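Trainee: Contents of data-v8.txt (compact mmCIF, C-alpha atoms and all ligand atoms) are given next:
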```txt
# COMPACT_ATOMS: atom_id res chain seq x y z
CA MET A 1 77.09 92.69 105.77
CA SER A 2 76.35 89.46 103.99
CA GLU A 3 76.76 86.24 105.92
CA GLN A 4 79.33 85.07 103.44
CA ASP A 5 81.43 88.18 103.99
CA THR A 6 81.19 87.85 107.75
CA ALA A 7 82.39 84.27 107.54
CA LEU A 8 85.25 85.25 105.24
CA VAL A 9 86.41 88.00 107.55
CA SER A 10 86.41 85.83 110.63
CA ARG A 11 88.26 83.08 108.78
CA CYS A 12 90.87 85.69 107.81
CA GLN A 13 91.11 86.82 111.39
CA ASP A 14 91.86 83.21 112.26
CA ASP A 15 94.76 83.32 109.81
CA ASP A 16 93.09 81.21 107.15
CA ALA A 17 94.99 82.23 104.02
CA SER A 18 92.47 80.71 101.64
CA ALA A 19 89.81 83.06 102.99
CA PHE A 20 91.84 86.06 101.98
CA ASP A 21 92.39 84.55 98.53
CA GLU A 22 88.65 84.30 98.26
CA ILE A 23 88.21 87.96 99.14
CA VAL A 24 90.71 88.88 96.45
CA LEU A 25 89.00 86.65 93.94
CA ARG A 26 85.63 88.10 94.79
CA TYR A 27 86.64 91.75 94.63
CA LYS A 28 89.62 92.15 92.34
CA GLN A 29 87.76 92.77 89.08
CA LYS A 30 85.28 95.16 90.65
CA ILE A 31 87.92 97.16 92.47
CA PHE A 32 90.13 97.22 89.39
CA GLN A 33 87.29 98.50 87.26
CA TYR A 34 86.45 101.22 89.78
CA ILE A 35 90.04 102.37 90.08
CA LEU A 36 90.66 102.21 86.34
CA ARG A 37 87.65 104.44 85.72
CA MET A 38 89.03 106.85 88.27
CA VAL A 39 92.68 107.02 87.20
CA GLY A 40 92.42 106.15 83.50
CA ASP A 41 95.67 104.21 83.26
CA SER A 42 95.49 100.44 83.48
CA GLU A 43 98.98 99.85 84.87
CA GLU A 44 98.54 102.42 87.57
CA ALA A 45 95.10 100.97 88.27
CA GLU A 46 96.53 97.46 88.73
CA ASP A 47 99.16 98.75 91.04
CA LEU A 48 96.60 100.62 93.13
CA THR A 49 94.30 97.59 93.14
CA GLN A 50 97.10 95.57 94.67
CA GLU A 51 97.60 98.24 97.26
CA VAL A 52 93.93 98.06 98.16
CA PHE A 53 94.30 94.37 98.95
CA ILE A 54 97.51 94.88 100.89
CA LYS A 55 95.81 97.49 103.04
CA THR A 56 92.82 95.22 103.39
CA TYR A 57 95.04 92.37 104.40
CA LEU A 58 96.91 94.42 106.96
CA SER A 59 93.83 95.88 108.56
CA LEU A 60 91.54 92.84 108.55
CA ARG A 61 92.38 92.07 112.13
CA SER A 62 90.97 95.34 113.33
CA PHE A 63 87.92 95.05 111.11
CA ARG A 64 84.65 95.22 113.04
CA SER A 65 81.74 93.38 111.60
CA GLN A 66 79.20 96.19 111.83
CA ALA A 67 80.79 97.68 108.73
CA SER A 68 80.25 95.94 105.43
CA LEU A 69 83.30 94.35 103.84
CA ASN A 70 82.09 95.59 100.47
CA THR A 71 81.89 99.27 101.39
CA TRP A 72 85.05 98.98 103.44
CA ILE A 73 87.13 97.72 100.53
CA TYR A 74 85.67 100.33 98.21
CA ARG A 75 86.48 103.00 100.77
CA ILE A 76 90.10 101.98 100.82
CA ALA A 77 90.09 102.07 97.02
CA GLY A 78 88.48 105.51 96.93
CA ASN A 79 91.02 106.94 99.35
CA LEU A 80 93.90 105.52 97.35
CA CYS A 81 92.50 107.11 94.18
CA ILE A 82 92.33 110.47 95.92
CA ASP A 83 95.93 110.12 97.10
CA ALA A 84 97.07 109.09 93.64
CA HIS A 85 95.27 112.03 92.12
CA ARG A 86 96.94 114.45 94.54
CA LYS A 87 100.34 113.00 93.80
CA ARG A 88 99.77 113.32 90.09
CA VAL A 89 98.68 116.93 90.39
CA ARG A 90 101.72 117.71 92.50
CA LYS A 91 104.03 116.03 90.02
CA ASP A 92 102.42 117.74 87.03
CA THR A 93 102.71 121.12 88.68
CA ALA A 94 106.29 120.50 89.70
CA MET A 95 107.20 119.53 86.15
CA GLY A 96 105.39 122.52 84.74
CA GLY A 97 103.22 120.25 82.64
CA ALA A 98 99.56 120.56 82.00
CA PRO A 99 97.80 120.53 85.35
CA VAL A 100 95.44 117.76 86.36
CA SER A 101 94.51 116.36 82.97
CA LEU A 102 94.75 112.60 82.92
CA ASP A 103 96.50 110.46 80.37
CA GLU A 104 94.54 110.03 77.24
CA GLY A 105 95.08 106.28 77.45
CA VAL A 106 91.82 104.59 77.99
CA GLY A 107 93.03 101.28 79.19
CA THR A 108 89.96 99.27 78.49
CA SER A 109 91.37 96.11 77.10
CA GLY A 110 88.53 93.77 77.73
CA ASP A 111 86.43 92.21 75.11
CA GLY A 112 85.56 89.32 77.39
CA ALA A 113 82.95 91.26 79.28
CA ASP A 114 81.00 88.23 80.25
CA ASP A 115 82.16 87.87 83.83
CA ALA A 116 79.73 88.78 86.51
CA ARG A 117 80.08 92.53 86.54
CA THR A 118 78.73 93.28 89.94
CA SER A 119 77.12 91.59 92.85
CA ARG A 120 73.83 93.07 91.78
CA GLU A 121 72.03 91.96 88.67
CA LEU A 122 72.17 94.62 86.03
CA PRO A 123 69.97 94.39 83.02
CA ASP A 124 71.96 93.25 80.04
CA THR A 125 71.97 96.36 77.95
CA ARG A 126 74.96 95.50 75.83
CA LEU A 127 74.39 97.16 72.54
CA GLU A 128 74.13 94.48 69.92
CA PRO A 129 74.21 96.74 66.86
CA TYR A 130 77.74 97.89 67.71
CA GLY A 131 80.60 95.92 66.24
CA VAL A 132 83.79 95.31 68.18
CA LEU A 133 85.56 98.40 66.85
CA ALA A 134 82.61 100.64 67.41
CA ARG A 135 82.29 99.19 70.86
CA GLN A 136 85.91 100.02 71.61
CA GLU A 137 85.51 103.53 70.34
CA LEU A 138 82.40 103.98 72.42
CA ASP A 139 84.15 102.63 75.52
CA GLY A 140 86.96 105.08 74.87
CA GLN A 141 84.52 107.97 74.57
CA ILE A 142 82.80 106.94 77.78
CA GLN A 143 86.12 106.87 79.60
CA LEU A 144 87.06 110.30 78.25
CA ALA A 145 83.71 111.69 79.30
CA LEU A 146 84.18 110.21 82.76
CA GLU A 147 87.61 111.75 83.06
CA ALA A 148 86.20 115.14 82.23
CA LEU A 149 83.99 114.99 85.32
CA PRO A 150 85.11 116.41 88.64
CA GLU A 151 86.45 113.59 90.76
CA LYS A 152 83.61 113.54 93.26
CA MET A 153 80.98 113.24 90.55
CA ARG A 154 82.98 110.64 88.69
CA SER A 155 83.29 108.50 91.74
CA VAL A 156 79.54 108.47 92.34
CA VAL A 157 78.54 107.76 88.76
CA VAL A 158 81.12 104.98 88.41
CA LEU A 159 80.05 103.37 91.67
CA HIS A 160 76.39 103.51 90.76
CA ASP A 161 76.11 103.05 87.01
CA ILE A 162 79.15 100.88 86.34
CA GLU A 163 79.72 99.05 89.62
CA GLY A 164 76.04 98.77 90.41
CA LEU A 165 76.16 99.90 94.04
CA ALA A 166 73.17 101.33 95.89
CA TYR A 167 72.87 104.98 96.95
CA GLU A 168 73.28 104.03 100.61
CA GLU A 169 76.46 102.08 99.99
CA ILE A 170 77.90 104.94 97.98
CA ALA A 171 77.08 107.42 100.74
CA GLU A 172 79.10 105.28 103.10
CA ILE A 173 81.98 104.84 100.66
CA VAL A 174 82.40 108.49 99.73
CA ASP A 175 81.35 109.62 103.18
CA CYS A 176 78.62 112.10 102.38
CA PRO A 177 74.85 112.39 102.90
CA LEU A 178 72.43 110.46 100.72
CA GLY A 179 71.07 113.68 99.19
CA THR A 180 74.55 114.61 98.05
CA VAL A 181 75.00 111.24 96.38
CA LYS A 182 71.75 111.71 94.47
CA SER A 183 72.55 115.21 93.31
CA ARG A 184 76.09 114.29 92.29
CA LEU A 185 74.75 111.35 90.35
CA PHE A 186 72.17 113.49 88.60
CA ASN A 187 74.72 116.17 87.66
CA ALA A 188 77.22 113.58 86.52
CA ARG A 189 74.67 111.87 84.30
CA VAL A 190 73.64 115.18 82.75
CA GLN A 191 77.26 115.99 81.92
CA MET A 192 77.80 112.51 80.54
CA ARG A 193 74.69 112.89 78.42
CA GLU A 194 76.06 116.07 76.85
CA LYS A 195 79.41 114.45 76.07
CA LEU A 196 77.87 111.29 74.63
CA ARG A 197 75.05 112.96 72.78
CA GLU A 198 76.11 111.80 69.34
CA TYR A 199 75.87 108.17 70.46
CA LEU A 200 72.44 108.73 71.92
CA GLU A 201 70.69 110.40 69.03
CA ALA A 202 70.35 107.27 66.94
CA MET B 1 49.70 120.48 92.52
CA ARG B 2 51.18 120.70 89.05
CA LYS B 3 54.97 120.77 88.87
CA ASN B 4 56.86 122.56 86.16
CA CYS B 5 59.90 121.43 84.19
CA LYS B 6 62.35 122.96 86.65
CA ASP B 7 61.00 120.74 89.43
CA ILE B 8 60.80 117.63 87.29
CA ARG B 9 64.31 117.59 85.83
CA PRO B 10 66.17 116.84 89.07
CA MET B 11 63.77 113.95 89.70
CA LEU B 12 64.56 112.20 86.42
CA SER B 13 67.74 110.57 87.64
CA GLU B 14 66.03 108.95 90.61
CA PHE B 15 63.08 108.09 88.43
CA ILE B 16 65.35 106.05 86.18
CA ASP B 17 66.69 104.17 89.19
CA GLY B 18 63.19 103.46 90.44
CA ALA B 19 64.11 105.31 93.60
CA LEU B 20 61.16 107.72 93.77
CA ASP B 21 58.18 106.95 95.95
CA SER B 22 55.00 106.11 94.09
CA GLU B 23 53.71 109.67 94.22
CA GLY B 24 56.96 111.06 92.85
CA ALA B 25 57.08 108.47 90.11
CA TRP B 26 53.48 109.21 89.18
CA THR B 27 54.22 112.96 89.02
CA VAL B 28 57.13 112.38 86.65
CA ARG B 29 55.12 110.02 84.46
CA MET B 30 52.25 112.48 84.19
CA HIS B 31 54.60 115.32 83.36
CA VAL B 32 56.59 113.59 80.64
CA SER B 33 53.41 112.34 79.01
CA SER B 34 52.50 115.92 78.25
CA CYS B 35 55.90 117.64 78.01
CA GLN B 36 57.96 116.90 74.92
CA SER B 37 61.11 118.51 76.21
CA CYS B 38 61.23 116.62 79.52
CA ALA B 39 60.34 113.39 77.75
CA GLU B 40 63.32 113.90 75.46
CA ASP B 41 65.52 114.70 78.45
CA LEU B 42 64.44 111.50 80.10
CA ARG B 43 65.05 109.43 77.00
CA LEU B 44 68.62 110.73 76.61
CA LEU B 45 69.35 110.32 80.29
CA GLU B 46 68.15 106.72 80.18
CA GLY B 47 70.31 106.17 77.13
CA THR B 48 73.31 107.56 79.00
CA VAL B 49 72.76 105.23 81.91
CA SER B 50 72.51 102.19 79.68
CA LEU B 51 75.66 103.19 77.83
CA LEU B 52 77.46 103.34 81.17
CA ARG B 53 76.07 99.98 82.23
CA SER B 54 77.16 98.42 78.98
CA THR B 55 80.84 99.40 79.11
CA SER B 56 83.22 96.49 78.73
CA GLN B 57 84.68 95.04 81.88
CA PRO B 58 88.43 95.67 81.77
CA GLN B 59 90.58 92.61 82.43
CA LEU B 60 93.43 92.40 84.88
CA SER B 61 96.74 91.33 83.42
CA GLU B 62 97.92 87.76 83.90
CA ARG B 63 100.69 88.77 86.23
CA PHE B 64 98.32 90.39 88.71
CA ASP B 65 97.86 87.42 91.04
CA ALA B 66 101.50 86.43 91.24
CA SER B 67 102.61 89.96 91.82
CA LEU B 68 99.96 90.52 94.47
CA ALA B 69 100.93 87.28 96.23
CA LEU B 70 104.50 88.46 96.43
CA ARG B 71 103.55 91.85 97.78
CA ILE B 72 101.24 90.29 100.35
CA GLU B 73 104.06 88.02 101.44
CA ALA B 74 106.30 91.02 101.89
CA ALA B 75 103.58 92.83 103.82
CA ARG B 76 103.01 89.81 106.02
CA HIS B 77 106.69 89.60 106.73
CA LEU B 78 106.89 93.27 107.56
CA ARG B 79 103.96 93.00 109.88
CA GLU B 80 105.55 90.10 111.70
CA GLU B 81 108.70 92.15 111.99
CA SER B 82 106.76 95.09 113.29
CA ILE B 83 105.22 92.92 115.95
CA HIS B 84 108.75 92.23 117.05
CA GLY B 85 109.41 95.88 117.22
CA SER B 86 112.14 96.73 114.77
CA VAL B 87 110.31 97.47 111.57
CA VAL B 88 109.92 101.21 111.65
CA SER B 89 113.56 102.09 111.68
CA ARG B 90 114.32 99.37 109.19
CA THR B 91 111.62 100.55 106.82
CA LEU B 92 112.68 104.14 107.12
CA PHE B 93 116.24 103.28 106.28
CA GLY B 94 115.28 101.36 103.24
CA LEU B 95 115.69 97.84 104.53
CA ARG B 96 119.16 97.67 103.07
CA SER B 97 120.90 96.70 106.22
CA SER B 98 118.91 93.58 106.89
CA LEU B 99 120.24 90.73 104.83
CA SER B 100 118.75 88.15 107.14
CA ALA B 101 115.32 89.69 106.73
CA ASN B 102 115.73 89.60 102.98
CA ARG B 103 116.72 86.00 103.00
CA PHE B 104 113.80 85.21 105.22
CA ALA B 105 111.40 86.90 102.84
CA ILE B 106 112.97 85.27 99.84
CA GLY B 107 112.56 81.92 101.50
CA ARG B 108 108.90 82.58 102.06
CA ALA B 109 108.45 83.84 98.53
CA LEU B 110 110.11 80.73 97.21
CA ARG B 111 107.67 78.52 99.00
CA LEU B 112 104.94 79.86 96.72
CA SER B 113 104.02 77.47 93.99
CA ALA B 114 106.44 77.16 91.12
CA PRO B 115 104.39 78.95 88.44
CA VAL B 116 103.85 81.86 90.76
CA VAL B 117 107.53 82.18 91.42
CA ALA B 118 108.34 81.78 87.75
CA GLY B 119 105.94 84.61 86.97
CA ALA B 120 107.57 86.69 89.66
CA CYS B 121 110.97 86.07 88.13
CA VAL B 122 109.74 87.24 84.78
CA MET B 123 108.50 90.35 86.52
CA ALA B 124 111.78 90.87 88.29
CA PHE B 125 113.52 90.62 84.97
CA LEU B 126 111.18 93.10 83.36
CA ILE B 127 111.48 95.47 86.29
CA VAL B 128 115.23 95.40 86.27
CA SER B 129 115.52 95.64 82.50
CA ALA B 130 113.17 98.60 82.29
CA PRO B 131 114.69 101.94 81.28
CA SER B 132 116.54 103.69 84.05
CA GLY B 133 113.43 105.38 85.41
CA THR B 134 112.17 104.20 88.74
CA VAL B 135 108.82 103.03 87.45
CA MET B 136 108.63 99.38 88.32
CA ARG B 137 106.25 98.20 85.69
CA ALA B 138 106.49 95.71 82.94
CA PRO B 139 105.65 96.71 79.40
CA LYS B 140 102.35 95.23 78.34
CA ALA B 141 103.25 92.93 75.50
CA VAL B 142 106.41 91.03 76.18
CA ALA B 143 107.04 87.62 74.76
CA VAL B 144 107.58 85.30 77.68
CA ASN B 145 109.85 83.18 75.49
CA ASP B 146 112.44 85.92 75.56
CA THR B 147 112.92 85.42 79.26
CA SER B 148 112.68 81.65 79.50
CA GLY B 149 116.41 81.31 80.06
CA PHE B 150 116.18 83.70 82.90
CA VAL B 151 113.20 81.90 84.38
CA LYS B 152 115.17 78.68 84.30
CA ALA B 153 118.06 80.38 86.05
CA CYS B 154 115.70 81.66 88.70
CA GLN B 155 114.12 78.28 89.17
CA HIS B 156 117.55 76.82 89.59
CA GLU B 157 118.33 79.42 92.22
CA GLN B 158 115.13 78.63 94.04
CA GLN B 159 116.03 74.96 94.14
CA SER B 160 119.51 75.79 95.37
CA TYR B 161 118.05 78.03 97.97
CA LEU B 162 115.54 75.48 99.16
CA ALA B 163 118.26 72.84 99.24
CA GLY B 164 120.42 75.14 101.29
CA GLN B 165 123.07 75.43 98.59
CA PRO B 166 124.78 78.67 97.70
CA PHE B 167 123.48 80.56 94.70
CA ALA B 168 125.17 79.51 91.50
CA ASP B 169 124.36 82.59 89.49
CA PRO B 170 125.13 85.79 91.37
CA SER B 171 123.09 87.97 89.02
CA ALA B 172 119.95 85.91 89.56
CA GLN B 173 120.56 86.05 93.25
CA ALA B 174 120.98 89.80 93.11
CA LEU B 175 117.75 90.12 91.18
CA MET B 176 115.84 88.00 93.64
CA GLN B 177 117.15 90.09 96.47
CA ARG B 178 116.51 93.33 94.70
CA GLN B 179 112.97 92.34 93.87
CA THR B 180 112.31 91.33 97.44
CA ASP B 181 113.87 94.57 98.61
CA ASP B 182 111.61 96.54 96.30
CA ALA B 183 108.55 94.67 97.45
CA LEU B 184 109.52 95.17 101.06
CA SER B 185 110.13 98.89 100.58
CA ARG B 186 106.79 99.34 98.88
CA GLU B 187 104.94 97.35 101.46
CA GLY B 188 106.79 99.20 104.18
CA ALA B 189 105.32 102.41 102.82
CA VAL B 190 101.88 100.84 102.68
CA LEU B 191 102.24 99.45 106.16
CA LEU B 192 103.31 102.78 107.58
CA GLY B 193 100.46 104.51 105.82
CA SER B 194 97.85 101.95 106.72
CA GLY B 195 96.78 103.77 109.85
CA ASN B 196 94.76 106.24 107.85
CA ILE B 197 92.42 104.06 105.89
ZN ZN C 301 58.72 119.56 81.19
```
Before anything else, please render the file you have as structure tokens.
Mentor:
Amino acid sequence: MSEQDTALVSRCQDDDASAFDEIVLRYKQKIFQYILRMVGDSEEAEDLTQEVFIKTYLSLRSFRSQASLNTWIYRIAGNLCIDAHRKRVRKDTAMGGAPVSLDEGVGTSGDGADDARTSRELPDTRLEPYGVLARQELDGQIQLALEALPEKMRSVVVLHDIEGLAYEEIAEIVDCPLGTVKSRLFNARVQMREKLREYLEA
Amino acid sequence: MRKNCKDIRPMLSEFIDGALDSEGAWTVRMHVSSCQSCAEDLRLLEGTVSLLRSTSQPQLSERFDASLALRIEAARHLREESIHGSVVSRTLFGLRSSLSANRFAIGRALRLSAPVVAGACVMAFLIVSAPSGTVMRAPKAVAVNDTSGFVKACQHEQQSYLAGQPFADPSAQALMQRQTDDALSREGAVLLGSGNI
């Protein structure tokens, strides 16, 4: 875990409130983006993001520094998404509605995409030829394509290609072997490619 | 050893990430230089990855921080309570019976900075004025001006509270209590569930 994170955690454990604020500041956008990609609804995603930080806050005291704060927070987020998904399925089934399918709402409201996206440097591949409207439509299509993926694949592709995490970190977050991460990522990308084909042919 | 398309395809994803060893990367490069179909596969897969990387970063709403601060306060309070032993039963029975706990939490919430509390009041208003469903969320686009009277009332109540005076407006008081109750109930659920992270 990075030195900065270690320092933040021990300051939190010493009841330094500003250290926790810093953790929130550092992670809120990333966690929100991850959760939003998973659940598809921005209000639900905000609510779950807050829950991630509450759980983080409540369990910081028992946090041991051999784990990384980064993967730990993402793990909490991933588990909350799974719970939320189960609840939704249960509710949908109980109400006799369409099973599983997520809201069509895309919830990407951002045009100010200039914040640091991830801790890792990603090449700036923003597509200049697209205007704002086309960009929004494309973002919407990407979100729909993501939602069509099985949850386990979606999680891996979001964590890697959108959040910029490494294979090893993802293996720790979703709790599966490295080989599984790689094959899920490959399969997810292939499915995404099929859904987004019309935007790729140009 | 020459690999065929079936062996190459699964390597493309790692190839894009630069995660293959030099021999693997060389094998892929050699293959796609002579195989049209795999080269096309690779091109589209690379395009897919850059589309994903280029998606717009969604923005959190402006009320996120204030609302989180309030929920953290409630969680902190609940944890302190739990250290003193009585939280589980209180949480399970909906926290209704504990007026003193509510007042305590309200007091803490009020000590947050004024804008934060004002934001929280707007939220409380939106929550309470939402249609009868139990979803405690504010509609996205609400003109803050519409609630400025309410915010003022809340601010007045905060000042009264801090000054130790009785609440002047019972409805604002009820809202403050209800909001704190809601936050406490939610955080109680989180707290109880936090063992299984
Ligand atoms: Zn081939």
Trainee: Pick out the chain B residues within 6 Å of chain A. Count all atoms listed in the file. Give them as a list in words.
Mentor: Ser13, Thr48, Leu52, Arg53, Ser54, Thr55, Ser56, Gln57, Pro58, Gln59, Leu68, Ile72 and Ile197 of chain B
Trainee: For the interface of chain B with ligand ZN 301 (chain C) (cut-off 7 Å, counting only C-alpha atoms and all ligand atoms), please tabulate each contacting residue of chain B alongside its nearest pair of atoms and their separation in Å to one decimal, rows sorted by chain and increasing number, as a tab-separated table.
Mentor:
```
residue	atom	partner	partner_atom	distance
B:Asn4	CA	C:ZN301	ZN	6.1
B:Cys5	CA	C:ZN301	ZN	3.7
B:Ile8	CA	C:ZN301	ZN	6.7
B:His31	CA	C:ZN301	ZN	6.3
B:Val32	CA	C:ZN301	ZN	6.4
B:Cys35	CA	C:ZN301	ZN	4.7
B:Gln36	CA	C:ZN301	ZN	6.9
B:Ser37	CA	C:ZN301	ZN	5.6
B:Cys38	CA	C:ZN301	ZN	4.2
```
Trainee: Quick one: write out the picked residues with C-alpha atoms as a compact mmCIF listing (two decimals), in the coordinates of the input?
Mentor:
```txt
# COMPACT_ATOMS: atom_id res chain seq x y z
CA ASN B 4 56.86 122.56 86.16
CA CYS B 5 59.90 121.43 84.19
CA ILE B 8 60.80 117.63 87.29
CA HIS B 31 54.60 115.32 83.36
CA VAL B 32 56.59 113.59 80.64
CA CYS B 35 55.90 117.64 78.01
CA GLN B 36 57.96 116.90 74.92
CA SER B 37 61.11 118.51 76.21
CA CYS B 38 61.23 116.62 79.52
```
Trainee: Could you tell me how far CA of Gln141 (chain A) sits from CA of Val156 (chain A), in Å to one decimal place?
Mentor: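 Here the two named atoms are 18.5 Å from each other.
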Trainee: Could you jot down the CA of Thr93 (chain A) to CA of Gly40 (chain A) separation for me, Å, one decimal place?
Mentor: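 So the answer is 18.9 Å.
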Trainee: Could you check which of A:Leu60, A:Ile170, A:Leu48, A:Ala94 is closest to Cys81 (chain A), using all atoms listed in the file?
Mentor: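 Residue with the minimum atom-to-atom distance to Cys81 (chain A): A:Leu48.
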